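Novice: Sharing run00.tsv (TSV, C-alpha atoms) below.
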chain	number	residue	atom	x	y	z
Z	4	MET	CA	41.66	-17.17	-2.22
Z	5	ALA	CA	40.88	-14.41	0.31
Z	6	ASN	CA	37.35	-13.02	0.25
Z	7	GLN	CA	37.95	-9.75	-1.60
Z	8	GLN	CA	35.72	-6.73	-1.12
Z	9	PRO	CA	33.89	-5.65	-4.31
Z	10	ALA	CA	35.22	-2.57	-6.04
Z	11	THR	CA	31.89	-0.76	-6.49
Z	12	ARG	CA	29.84	0.70	-3.66
Z	13	PRO	CA	26.21	1.84	-3.69
Z	14	ALA	CA	25.88	5.61	-4.02
Z	15	ASN	CA	23.07	5.44	-1.46
Z	16	PRO	CA	23.22	2.66	1.17
Z	17	ARG	CA	19.69	3.28	2.48
Z	18	PHE	CA	17.58	0.15	2.05
Z	19	SER	CA	15.38	0.55	5.13
Z	20	SER	CA	11.76	-0.63	4.88
Z	21	GLY	CA	10.53	2.43	6.72
Z	22	PRO	CA	11.18	5.24	6.84
Z	23	CYS	CA	12.39	4.51	3.33
Z	24	ALA	CA	14.94	6.21	1.09
Z	25	LYS	CA	14.09	9.72	-0.05
Z	26	PRO	CA	13.62	10.26	-3.80
Z	27	PRO	CA	17.02	10.44	-5.55
Z	28	THR	CA	16.66	14.15	-6.35
Z	29	PHE	CA	15.79	15.18	-2.79
Z	30	ASP	CA	17.57	17.91	-0.89
Z	31	LEU	CA	16.32	20.24	1.82
Z	32	THR	CA	16.14	23.23	-0.49
Z	33	LYS	CA	13.21	21.52	-2.24
Z	34	LEU	CA	11.14	22.25	0.89
Z	35	ALA	CA	11.76	26.00	0.89
Z	36	ASP	CA	8.13	26.77	-0.03
Z	37	ALA	CA	6.74	25.15	3.13
Z	38	PRO	CA	4.49	27.65	4.97
Z	39	LEU	CA	6.31	27.26	8.29
Z	40	GLY	CA	4.96	29.24	11.20
Z	41	ARG	CA	1.60	29.59	9.45
Z	42	SER	CA	-1.68	28.04	10.45
Z	43	HIS	CA	-2.67	24.92	8.54
Z	44	ARG	CA	-6.14	26.47	8.51
Z	45	ALA	CA	-4.92	29.58	6.69
Z	46	ALA	CA	-5.54	29.65	2.95
Z	47	VAL	CA	-1.95	28.70	2.16
Z	48	GLY	CA	-2.10	25.70	4.49
Z	49	LYS	CA	-5.45	24.52	3.17
Z	50	ASP	CA	-4.20	24.82	-0.40
Z	51	LYS	CA	-1.13	22.69	0.36
Z	52	LEU	CA	-3.21	20.01	2.08
Z	53	LYS	CA	-5.73	19.94	-0.73
Z	54	ALA	CA	-2.88	19.66	-3.26
Z	55	ALA	CA	-1.56	16.65	-1.34
Z	56	ILE	CA	-4.99	15.00	-1.45
Z	57	GLU	CA	-5.61	15.68	-5.13
Z	58	GLY	CA	-2.04	14.78	-6.07
Z	59	THR	CA	-2.56	11.42	-4.39
Z	60	ARG	CA	-5.76	10.93	-6.38
Z	61	GLU	CA	-4.00	11.83	-9.64
Z	62	VAL	CA	-0.91	9.67	-9.26
Z	63	LEU	CA	-2.72	6.62	-7.86
Z	64	GLY	CA	-5.71	6.90	-10.20
Z	65	ILE	CA	-8.24	6.97	-7.36
Z	66	PRO	CA	-11.86	7.41	-8.56
Z	67	ALA	CA	-13.38	10.87	-8.25
Z	68	ASP	CA	-16.14	9.69	-5.91
Z	69	TYR	CA	-13.70	8.22	-3.36
Z	70	LYS	CA	-12.82	10.34	-0.33
Z	71	ILE	CA	-9.14	10.90	0.56
Z	72	GLY	CA	-8.14	12.21	3.97
Z	73	ILE	CA	-4.88	13.05	5.73
Z	74	VAL	CA	-5.05	11.65	9.25
Z	75	PRO	CA	-2.79	11.40	12.32
Z	76	ALA	CA	-0.49	8.59	13.41
Z	77	SER	CA	0.67	7.24	10.07
Z	78	ASP	CA	-0.83	4.09	8.52
Z	79	THR	CA	-1.52	2.72	12.00
Z	80	GLY	CA	-3.71	5.70	12.81
Z	81	ALA	CA	-5.59	5.40	9.54
Z	82	MET	CA	-6.25	1.68	10.03
Z	83	GLU	CA	-7.29	2.11	13.66
Z	84	MET	CA	-9.63	4.92	12.70
Z	85	ALA	CA	-11.25	2.76	10.01
Z	86	MET	CA	-11.63	-0.37	12.15
Z	87	TRP	CA	-13.00	1.40	15.20
Z	88	SER	CA	-15.44	3.46	13.09
Z	89	LEU	CA	-16.69	0.83	10.64
Z	90	LEU	CA	-16.48	-2.67	12.12
Z	91	GLY	CA	-19.24	-4.31	14.13
Z	92	ALA	CA	-22.12	-3.79	11.72
Z	93	ARG	CA	-21.74	-7.35	10.35
Z	94	GLY	CA	-19.40	-10.31	10.69
Z	95	VAL	CA	-15.66	-9.78	10.32
Z	96	GLU	CA	-12.89	-11.86	8.75
Z	97	MET	CA	-9.31	-10.99	9.63
Z	98	LEU	CA	-6.56	-12.12	7.24
Z	99	ALA	CA	-2.96	-12.06	8.43
Z	100	TRP	CA	0.36	-13.38	7.12
Z	101	GLU	CA	2.79	-11.06	8.93
Z	102	SER	CA	3.14	-8.96	12.05
Z	103	PHE	CA	1.09	-5.89	11.11
Z	104	GLY	CA	-1.83	-8.00	9.95
Z	105	ALA	CA	-1.52	-9.94	13.19
Z	106	GLY	CA	-1.70	-6.62	15.03
Z	107	TRP	CA	-5.02	-5.82	13.38
Z	108	VAL	CA	-6.31	-9.21	14.52
Z	109	THR	CA	-5.35	-8.33	18.10
Z	110	ASP	CA	-7.14	-4.98	17.88
Z	111	VAL	CA	-10.36	-6.48	16.58
Z	112	VAL	CA	-10.49	-9.57	18.78
Z	113	LYS	CA	-8.98	-8.32	22.04
Z	114	GLN	CA	-9.75	-4.58	22.00
Z	115	LEU	CA	-13.01	-4.29	20.05
Z	116	LYS	CA	-13.91	-7.79	21.30
Z	117	LEU	CA	-15.64	-8.76	18.06
Z	118	ASP	CA	-16.30	-12.43	17.34
Z	119	ALA	CA	-14.17	-12.34	14.20
Z	120	VAL	CA	-13.02	-15.21	12.00
Z	121	SER	CA	-9.22	-15.09	11.94
Z	122	LYS	CA	-7.31	-16.69	9.09
Z	123	THR	CA	-3.54	-16.64	9.44
Z	124	ALA	CA	-0.53	-18.00	7.57
Z	125	GLU	CA	3.09	-18.45	8.54
Z	126	TYR	CA	5.74	-15.99	7.35
Z	127	GLY	CA	6.44	-16.62	3.67
Z	128	GLU	CA	2.98	-17.98	2.98
Z	129	ILE	CA	-0.49	-16.50	2.43
Z	130	VAL	CA	-3.96	-17.54	3.54
Z	131	ASP	CA	-6.42	-19.34	1.26
Z	132	LEU	CA	-7.96	-16.30	-0.41
Z	133	ALA	CA	-10.61	-18.42	-2.13
Z	134	SER	CA	-12.08	-19.33	1.28
Z	135	VAL	CA	-12.91	-15.76	2.32
Z	136	ASP	CA	-16.60	-15.03	2.96
Z	137	PHE	CA	-17.36	-11.57	1.62
Z	138	ASN	CA	-20.72	-11.45	3.37
Z	139	ASN	CA	-18.41	-10.32	6.18
Z	140	ASP	CA	-16.24	-7.26	6.39
Z	141	VAL	CA	-12.70	-8.35	5.46
Z	142	VAL	CA	-9.53	-6.78	6.91
Z	143	PHE	CA	-6.13	-7.53	5.34
Z	144	THR	CA	-2.74	-6.14	4.36
Z	145	TRP	CA	-2.11	-5.94	0.62
Z	146	ASN	CA	1.65	-6.26	1.04
Z	147	GLY	CA	3.15	-7.83	4.13
Z	148	THR	CA	5.94	-5.41	4.98
Z	149	THR	CA	7.54	-7.82	7.44
Z	150	SER	CA	7.09	-11.04	5.42
Z	151	GLY	CA	7.60	-9.92	1.81
Z	152	VAL	CA	4.33	-11.61	0.82
Z	153	ARG	CA	1.61	-9.75	-1.07
Z	154	VAL	CA	-1.73	-10.64	-2.57
Z	155	PRO	CA	-1.13	-11.31	-6.27
Z	156	ASN	CA	-4.13	-9.28	-7.51
Z	157	GLY	CA	-7.68	-8.35	-6.63
Z	158	ASP	CA	-9.42	-11.14	-8.54
Z	159	TRP	CA	-10.32	-12.94	-5.28
Z	160	ILE	CA	-12.50	-10.01	-4.17
Z	161	PRO	CA	-16.01	-10.12	-5.71
Z	162	ALA	CA	-17.56	-6.99	-7.16
Z	163	ASP	CA	-20.94	-7.88	-5.61
Z	164	ARG	CA	-19.64	-8.37	-2.05
Z	165	GLU	CA	-21.97	-7.59	0.85
Z	166	GLY	CA	-19.26	-6.64	3.33
Z	167	LEU	CA	-16.60	-3.97	3.16
Z	168	THR	CA	-12.92	-4.55	2.40
Z	169	LEU	CA	-10.47	-2.76	4.68
Z	170	CYS	CA	-6.97	-2.84	3.17
Z	171	ASP	CA	-3.72	-1.79	4.78
Z	172	ALA	CA	-1.77	-0.88	1.64
Z	173	THR	CA	1.14	0.94	3.23
Z	174	SER	CA	3.94	-0.91	1.38
Z	175	ALA	CA	1.89	-1.38	-1.78
Z	176	ALA	CA	0.56	2.06	-2.70
Z	177	PHE	CA	2.69	3.64	-5.47
Z	178	ALA	CA	4.38	0.29	-6.27
Z	179	GLN	CA	1.62	-2.25	-6.92
Z	180	ASP	CA	-1.73	-2.29	-8.72
Z	181	LEU	CA	-4.54	-1.50	-6.29
Z	182	PRO	CA	-7.98	-2.27	-7.82
Z	183	TRP	CA	-10.00	0.58	-6.35
Z	184	ASP	CA	-13.35	-0.98	-7.24
Z	185	LYS	CA	-12.45	-3.90	-4.93
Z	186	LEU	CA	-11.27	-1.75	-2.00
Z	187	ASP	CA	-13.65	0.12	0.30
Z	188	VAL	CA	-11.10	1.39	2.81
Z	189	THR	CA	-7.45	1.80	1.90
Z	190	THR	CA	-4.69	3.16	4.10
Z	191	PHE	CA	-1.00	3.94	3.69
Z	192	SER	CA	1.68	6.21	5.10
Z	193	TRP	CA	3.94	8.77	3.48
Z	194	GLN	CA	7.20	7.23	4.71
Z	195	LYS	CA	6.96	4.09	2.60
Z	196	VAL	CA	7.06	3.93	-1.21
Z	197	LEU	CA	7.50	7.66	-1.82
Z	198	GLY	CA	10.05	8.09	0.98
Z	199	GLY	CA	8.07	10.85	2.66
Z	200	GLU	CA	8.35	11.94	6.28
Z	201	ALA	CA	6.60	9.96	9.01
Z	202	ALA	CA	3.56	10.57	11.26
Z	203	HIS	CA	0.89	11.19	8.63
Z	204	GLY	CA	-1.49	8.59	7.26
Z	205	MET	CA	-3.83	8.48	4.29
Z	206	LEU	CA	-7.39	7.20	4.59
Z	207	ILE	CA	-9.25	6.45	1.36
Z	208	LEU	CA	-12.97	5.64	1.46
Z	209	SER	CA	-15.25	4.25	-1.24
Z	210	PRO	CA	-18.89	5.41	-1.46
Z	211	ARG	CA	-19.86	2.11	0.22
Z	212	ALA	CA	-17.61	2.91	3.17
Z	213	VAL	CA	-19.10	6.40	3.47
Z	214	GLU	CA	-22.58	4.88	3.42
Z	215	ARG	CA	-21.60	2.58	6.31
Z	216	LEU	CA	-20.19	5.48	8.30
Z	217	GLU	CA	-23.40	7.47	7.90
Z	218	SER	CA	-25.75	4.58	8.71
Z	219	TYR	CA	-23.95	2.79	11.55
Z	220	THR	CA	-22.90	3.88	15.02
Z	221	PRO	CA	-20.44	1.59	16.84
Z	222	ALA	CA	-21.36	0.28	20.30
Z	223	TRP	CA	-18.12	1.60	21.79
Z	224	PRO	CA	-17.06	5.20	22.43
Z	225	LEU	CA	-14.79	6.84	19.86
Z	226	PRO	CA	-12.03	9.27	20.84
Z	227	LYS	CA	-12.05	12.58	19.00
Z	228	ILE	CA	-9.09	11.57	16.86
Z	229	PHE	CA	-11.12	8.68	15.35
Z	230	ARG	CA	-14.40	10.51	14.67
Z	231	LEU	CA	-15.26	10.71	10.99
Z	232	THR	CA	-18.92	11.71	11.30
Z	233	LYS	CA	-20.97	14.33	13.09
Z	234	GLY	CA	-24.73	14.13	13.41
Z	235	GLY	CA	-24.79	11.04	11.23
Z	236	LYS	CA	-22.99	12.73	8.34
Z	237	LEU	CA	-19.40	12.43	7.13
Z	238	ILE	CA	-17.19	15.29	8.28
Z	239	ASP	CA	-16.36	16.23	4.71
Z	240	GLY	CA	-13.72	18.77	5.64
Z	241	ILE	CA	-11.35	15.98	6.70
Z	242	PHE	CA	-11.30	14.92	3.04
Z	243	SER	CA	-10.62	18.39	1.64
Z	244	GLY	CA	-7.71	19.38	3.86
Z	245	ALA	CA	-9.32	20.34	7.19
Z	246	THR	CA	-7.33	17.81	9.20
Z	247	ILE	CA	-8.49	16.51	12.60
Z	248	ASN	CA	-5.36	17.76	14.32
Z	249	THR	CA	-2.39	19.91	13.35
Z	250	PRO	CA	-0.26	18.43	10.55
Z	251	SER	CA	3.38	19.22	9.92
Z	252	MET	CA	3.45	21.60	6.99
Z	253	LEU	CA	7.11	20.69	6.47
Z	254	ALA	CA	6.09	17.04	6.06
Z	255	VAL	CA	3.27	18.09	3.73
Z	256	GLU	CA	5.74	20.02	1.58
Z	257	ASP	CA	7.99	16.97	1.51
Z	258	TYR	CA	5.07	14.79	0.33
Z	259	LEU	CA	4.22	17.31	-2.38
Z	260	PHE	CA	7.83	17.14	-3.56
Z	261	ALA	CA	7.64	13.34	-3.60
Z	262	LEU	CA	4.47	13.44	-5.68
Z	263	ASP	CA	6.17	15.78	-8.16
Z	264	TRP	CA	9.13	13.42	-8.35
Z	265	ALA	CA	6.73	10.52	-8.94
Z	266	ARG	CA	5.23	12.37	-11.89
Z	267	SER	CA	8.73	13.02	-13.26
Z	268	VAL	CA	9.53	9.28	-13.42
Z	269	GLY	CA	6.32	8.35	-15.22
Z	270	GLY	CA	3.75	8.36	-12.45
Z	271	LEU	CA	2.38	5.09	-11.16
Z	272	GLU	CA	3.66	3.04	-14.11
Z	273	GLY	CA	7.14	4.49	-13.72
Z	274	LEU	CA	7.18	3.82	-9.99
Z	275	GLN	CA	6.04	0.24	-10.50
Z	276	ALA	CA	8.69	-0.31	-13.16
Z	277	ARG	CA	11.41	0.98	-10.84
Z	278	ALA	CA	10.28	-1.25	-7.97
Z	279	ASN	CA	9.98	-4.26	-10.27
Z	280	ALA	CA	13.52	-3.73	-11.61
Z	281	ASN	CA	14.90	-3.40	-8.09
Z	282	ALA	CA	13.16	-6.51	-6.84
Z	283	GLN	CA	14.11	-8.53	-9.92
Z	284	ALA	CA	17.79	-7.78	-9.30
Z	285	VAL	CA	17.41	-9.36	-5.85
Z	286	PHE	CA	15.39	-12.29	-7.20
Z	287	ASP	CA	18.07	-12.98	-9.83
Z	288	PHE	CA	20.75	-12.84	-7.13
Z	289	CYS	CA	18.86	-15.46	-5.10
Z	290	ASP	CA	18.50	-17.67	-8.18
Z	291	ALA	CA	22.27	-17.47	-8.73
Z	292	ASN	CA	23.25	-18.27	-5.12
Z	293	ASP	CA	22.08	-21.40	-3.36
Z	294	TRP	CA	22.78	-20.02	0.13
Z	295	ILE	CA	20.00	-17.43	0.09
Z	296	ALA	CA	16.32	-17.50	-0.91
Z	297	ASN	CA	13.19	-15.40	-0.95
Z	298	LEU	CA	11.10	-15.87	2.18
Z	299	ALA	CA	7.93	-15.83	0.04
Z	300	VAL	CA	7.18	-19.44	-0.89
Z	301	ASP	CA	5.12	-18.71	-4.02
Z	302	ALA	CA	6.71	-16.51	-6.69
Z	303	ALA	CA	3.26	-15.05	-7.48
Z	304	THR	CA	3.09	-13.54	-3.98
Z	305	ARG	CA	6.62	-12.11	-3.79
Z	306	SER	CA	6.69	-8.44	-2.85
Z	307	ASN	CA	8.42	-5.95	-5.13
Z	308	THR	CA	8.99	-3.52	-2.25
Z	309	SER	CA	9.78	-5.24	1.07
Z	310	VAL	CA	11.83	-8.15	-0.25
Z	311	CYS	CA	12.48	-10.57	2.63
Z	312	LEU	CA	15.29	-13.11	2.40
Z	313	LYS	CA	16.40	-16.17	4.37
Z	314	PHE	CA	19.80	-17.86	4.55
Z	315	THR	CA	19.67	-21.53	3.55
Z	316	ASP	CA	23.28	-22.71	3.94
Z	317	ALA	CA	23.60	-25.80	6.14
Z	318	ARG	CA	26.90	-24.51	7.57
Z	319	ILE	CA	25.13	-21.73	9.48
Z	320	LYS	CA	25.13	-22.63	13.17
Z	321	ASP	CA	22.85	-19.92	14.61
Z	322	GLY	CA	20.50	-18.40	12.03
Z	323	ALA	CA	19.51	-15.30	14.01
Z	324	ALA	CA	23.08	-14.47	15.05
Z	325	PHE	CA	24.37	-15.08	11.53
Z	326	ALA	CA	21.80	-12.82	9.84
Z	327	LYS	CA	22.43	-10.08	12.39
Z	328	ALA	CA	26.18	-10.31	11.85
Z	329	VAL	CA	25.80	-10.04	8.06
Z	330	ALA	CA	23.60	-6.95	8.42
Z	331	GLN	CA	26.04	-5.39	10.89
Z	332	ARG	CA	29.01	-6.07	8.63
Z	333	LEU	CA	27.28	-4.35	5.71
Z	334	GLU	CA	26.31	-1.41	7.89
Z	335	ALA	CA	29.86	-1.05	9.19
Z	336	GLU	CA	31.07	-0.74	5.59
Z	337	ASN	CA	28.27	1.78	4.83
Z	338	ILE	CA	27.02	-0.56	2.11
Z	339	ALA	CA	23.51	-1.35	3.34
Z	340	LEU	CA	21.76	0.28	6.29
Z	341	ASP	CA	18.84	-1.16	8.27
Z	342	ILE	CA	18.37	-4.42	6.34
Z	343	GLY	CA	17.88	-6.81	9.25
Z	344	ALA	CA	14.63	-8.79	9.28
Z	345	TYR	CA	11.75	-7.35	11.30
Z	346	ARG	CA	11.96	-8.33	14.97
Z	347	ASP	CA	8.94	-10.70	14.82
Z	348	ALA	CA	9.91	-12.24	11.48
Z	349	PRO	CA	12.14	-15.26	10.82
Z	350	ALA	CA	15.88	-14.60	10.88
Z	351	GLY	CA	17.13	-13.09	7.64
Z	352	LEU	CA	17.33	-9.83	5.75
Z	353	ARG	CA	14.80	-7.35	4.38
Z	354	ILE	CA	15.82	-5.18	1.44
Z	355	TRP	CA	13.59	-2.29	0.44
Z	356	CYS	CA	13.12	-2.15	-3.32
Z	357	GLY	CA	10.54	0.61	-3.69
Z	358	GLY	CA	10.78	3.18	-6.46
Z	359	THR	CA	12.91	5.72	-4.58
Z	360	VAL	CA	15.78	3.21	-4.59
Z	361	GLU	CA	18.05	3.19	-7.66
Z	362	THR	CA	18.55	-0.19	-9.35
Z	363	SER	CA	22.25	0.61	-9.70
Z	364	ASP	CA	22.49	0.78	-5.90
Z	365	ILE	CA	20.80	-2.61	-5.50
Z	366	GLU	CA	23.16	-4.08	-8.10
Z	367	ALA	CA	26.20	-2.58	-6.36
Z	368	MET	CA	25.07	-3.80	-2.93
Z	369	LEU	CA	24.45	-7.47	-3.83
Z	370	PRO	CA	28.10	-8.47	-4.40
Z	371	TRP	CA	28.82	-7.00	-0.98
Z	372	LEU	CA	26.08	-9.21	0.45
Z	373	ALA	CA	27.92	-12.21	-1.00
Z	374	TRP	CA	31.17	-10.89	0.51
Z	375	ALA	CA	29.56	-10.45	3.94
Z	376	PHE	CA	28.06	-13.94	3.76
Z	377	GLU	CA	31.42	-15.53	3.02
Z	378	ALA	CA	33.10	-13.46	5.72
Z	379	GLU	CA	30.60	-14.59	8.35
Z	380	ILE	CA	30.82	-18.23	7.26
Z	381	ALA	CA	34.59	-18.02	7.76
Z	382	ALA	CA	34.16	-16.23	11.09
Z	383	GLN	CA	32.14	-19.15	12.49
Z	384	GLY	CA	35.38	-21.18	12.59
Please rewrite the model in this file as structure tokens.
Specialist:
Amino acid sequence: MANQQPATRPANPRFSSGPCAKPPTFDLTKLADAPLGRSHRAAVGKDKLKAAIEGTREVLGIPADYKIGIVPASDTGAMEMAMWSLLGARGVEMLAWESFGAGWVTDVVKQLKLDAVSKTAEYGEIVDLASVDFNNDVVFTWNGTTSGVRVPNGDWIPADREGLTLCDATSAAFAQDLPWDKLDVTTFSWQKVLGGEAAHGMLILSPRAVERLESYTPAWPLPKIFRLTKGGKLIDGIFSGATINTPSMLAVEDYLFALDWARSVGGLEGLQARANANAQAVFDFCDANDWIANLAVDAATRSNTSVCLKFTDARIKDGAAFAKAVAQRLEAENIALDIGAYRDAPAGLRIWCGGTVETSDIEAMLPWLAWAFEAEIAAQG
């Protein structure tokens, strides 16, 4: 029988892992209140920025004594700012199981030139979390955006740790439980789980992190864009809306809209439920088809946002070419856009399942994935 195309198409084919799909109710008219052409230091600008900070605190349940700042250069900027400002006071352990975590290892070892302990795992696996020495500062990604592997919980982090924990949570915030008492520095970007616009990062500091900033001066020079203290004291304005450089007030308005949408679907619990339902639809599809599997080896570490898949059929002659052809076929049909695996990751697919994606779109897309697989198997000859 000929490989028939499914009858139902996704209403929204956007399954990119960043920038991610906008909230389902988004349209440009929702940004009409943006104070365009006004200074971000005017009262209206400060109010918007403060609303973004406090809205983040509300939806994520961040403790009142934690500092939240809007910083430049997305999650990368926030992580770089934290590492260059805080590390070097004690030993460092770097944990990596995907490309962004590996990038932080490069920064610390080759740029900051710290004698760090590096613990790495292959794509699909995770490091031995029980072996981590928390007398050191520990740097890790909560959710591996390019590997689909996340830490299962925060139980491995002791409450009485001596070092700080620096967590890149950019694909986890708003979709997974982040135990704030276990995290001293947390970063994420707007363009991930809430589908916000790019270029702005969030930097969240515990009181312990603030104490480090005010008591330790790194041996290396810090560019202006990284400086969080002045005269040995935290620059508190950064954490109340006085940003280091000029933010896009249009992007701020977009983030405020996304926060309002998050509240409308039940806040953090609602967002987690949506991501879990999306990811489960993909997991069930993998269970039902023996030619595709989750890249994450352990079910307990499978991401519910950046779900990474690998083809397992023995008939496939060139894994990278095959995966690329499947993704291109789905894009050509406007069924699934931007679902190829990350360039440094193993050949396969990566389907974004965060809360801004509708489960009905995931469910409509998956039969098309089966169609594209069969079509490419036949095309091999």
Novice: Work out how far apart atom CA of Met97 of chain Z and atom CA of Arg164 of chain Z are and give it in Å to one decimal.
Specialist: 15.8 Å
Novice: Per residue of segment 337-375 of chain Z within 6 Å of segment 11-22 of chain Z, what are the shortest atom pair and its distance in Å to one decimal, counting all atoms listed in the file, with rows by chain and residue number, as JSON lines?
Specialist:
{"residue": "Z:Ile338", "atom": "CA", "partner": "Z:Pro16", "partner_atom": "CA", "distance": 5.1}
{"residue": "Z:Ala339", "atom": "CA", "partner": "Z:Pro16", "partner_atom": "CA", "distance": 4.6}
{"residue": "Z:Leu340", "atom": "CA", "partner": "Z:Arg17", "partner_atom": "CA", "distance": 5.3}
{"residue": "Z:Asp341", "atom": "CA", "partner": "Z:Ser19", "partner_atom": "CA", "distance": 5.0}
{"residue": "Z:Ile342", "atom": "CA", "partner": "Z:Ser19", "partner_atom": "CA", "distance": 5.9}
{"residue": "Z:Ile354", "atom": "CA", "partner": "Z:Phe18", "partner_atom": "CA", "distance": 5.6}
{"residue": "Z:Trp355", "atom": "CA", "partner": "Z:Phe18", "partner_atom": "CA", "distance": 4.9}
{"residue": "Z:Asp364", "atom": "CA", "partner": "Z:Pro13", "partner_atom": "CA", "distance": 4.5}
{"residue": "Z:Ala367", "atom": "CA", "partner": "Z:Pro13", "partner_atom": "CA", "distance": 5.2}
{"residue": "Z:Met368", "atom": "CA", "partner": "Z:Pro13", "partner_atom": "CA", "distance": 5.8}
Novice: Tell me, as a short mmCIF file (atom, residue, chain, number, x, y, z; two decimals) with C-alpha atoms, in the frame of the given file, which residues lie within 10 Å of Trp145 of chain Z, counting only C-alpha atoms; anything in the same chain fewer than 5 positions away does not count.
Specialist:
data_model
loop_
_atom_site.label_atom_id
_atom_site.label_comp_id
_atom_site.auth_asym_id
_atom_site.auth_seq_id
_atom_site.Cartn_x
_atom_site.Cartn_y
_atom_site.Cartn_z
CA ALA Z 99 -2.96 -12.06 8.43
CA GLY Z 104 -1.83 -8.00 9.95
CA VAL Z 152 4.33 -11.61 0.82
CA ARG Z 153 1.61 -9.75 -1.07
CA VAL Z 154 -1.73 -10.64 -2.57
CA PRO Z 155 -1.13 -11.31 -6.27
CA ASN Z 156 -4.13 -9.28 -7.51
CA GLY Z 157 -7.68 -8.35 -6.63
CA LEU Z 169 -10.47 -2.76 4.68
CA CYS Z 170 -6.97 -2.84 3.17
CA ASP Z 171 -3.72 -1.79 4.78
CA ALA Z 172 -1.77 -0.88 1.64
CA THR Z 173 1.14 0.94 3.23
CA SER Z 174 3.94 -0.91 1.38
CA ALA Z 175 1.89 -1.38 -1.78
CA ALA Z 176 0.56 2.06 -2.70
CA GLN Z 179 1.62 -2.25 -6.92
CA LEU Z 181 -4.54 -1.50 -6.29
CA THR Z 189 -7.45 1.80 1.90
CA SER Z 306 6.69 -8.44 -2.85
#
Novice: Can you work out which one of Z:Ile160, Z:Leu225, Z:Val188, Z:Ile129 has the shortest atom-to-atom distance to Leu298 of chain Z, counting only C-alpha atoms?
Specialist: Z:Ile129
Novice: Up to 7 Å from (-6.3, 2.9, -10.6) in the file's coordinates: name the residues, counting all atoms listed in the file, as a PyMOL selection string.
Specialist: chain Z and resi 63-65+181-183
Novice: Could you write out the selected residues, including C-alpha atoms, as a PDB file, in the coordinates of the input?
Specialist:
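Final output, again.pdb:
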ATOM      1  CA  LEU Z  63      -2.720   6.620  -7.860  1.00  0.00           C
ATOM      2  CA  GLY Z  64      -5.710   6.900 -10.200  1.00  0.00           C
ATOM      3  CA  ILE Z  65      -8.240   6.970  -7.360  1.00  0.00           C
ATOM      4  CA  LEU Z 181      -4.540  -1.500  -6.290  1.00  0.00           C
ATOM      5  CA  PRO Z 182      -7.980  -2.270  -7.820  1.00  0.00           C
ATOM      6  CA  TRP Z 183     -10.000   0.580  -6.350  1.00  0.00           C
TER       7      TRP Z 183
END
Novice: If we count only C-alpha atoms and set the cut-off at 9 Å, which residues sit around Phe376 of chain Z, ignoring sequence neighbours fewer than 6 positions away in its own chain? Please answer as a list in words.
Specialist: Trp294, Phe325, Ala326 and Val329 of chain Z
Novice: So how many Å separate atom CA of Asn297 of chain Z and atom CA of Thr315 of chain Z, to one decimal?
Specialist: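 Distance reported for this atom pair: 10.0 Å.
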Novice: I need the residue nearest Val74 of chain Z from this list: Z:Leu262, Z:Ala344, Z:Ala328, Z:Gly244. Use all atoms listed in the file for the distance.
Specialist: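 Checking each of Z:Leu262, Z:Ala344, Z:Ala328, Z:Gly244 against Val74 of chain Z, counting all atoms listed in the file, the winner is Z:Gly244.
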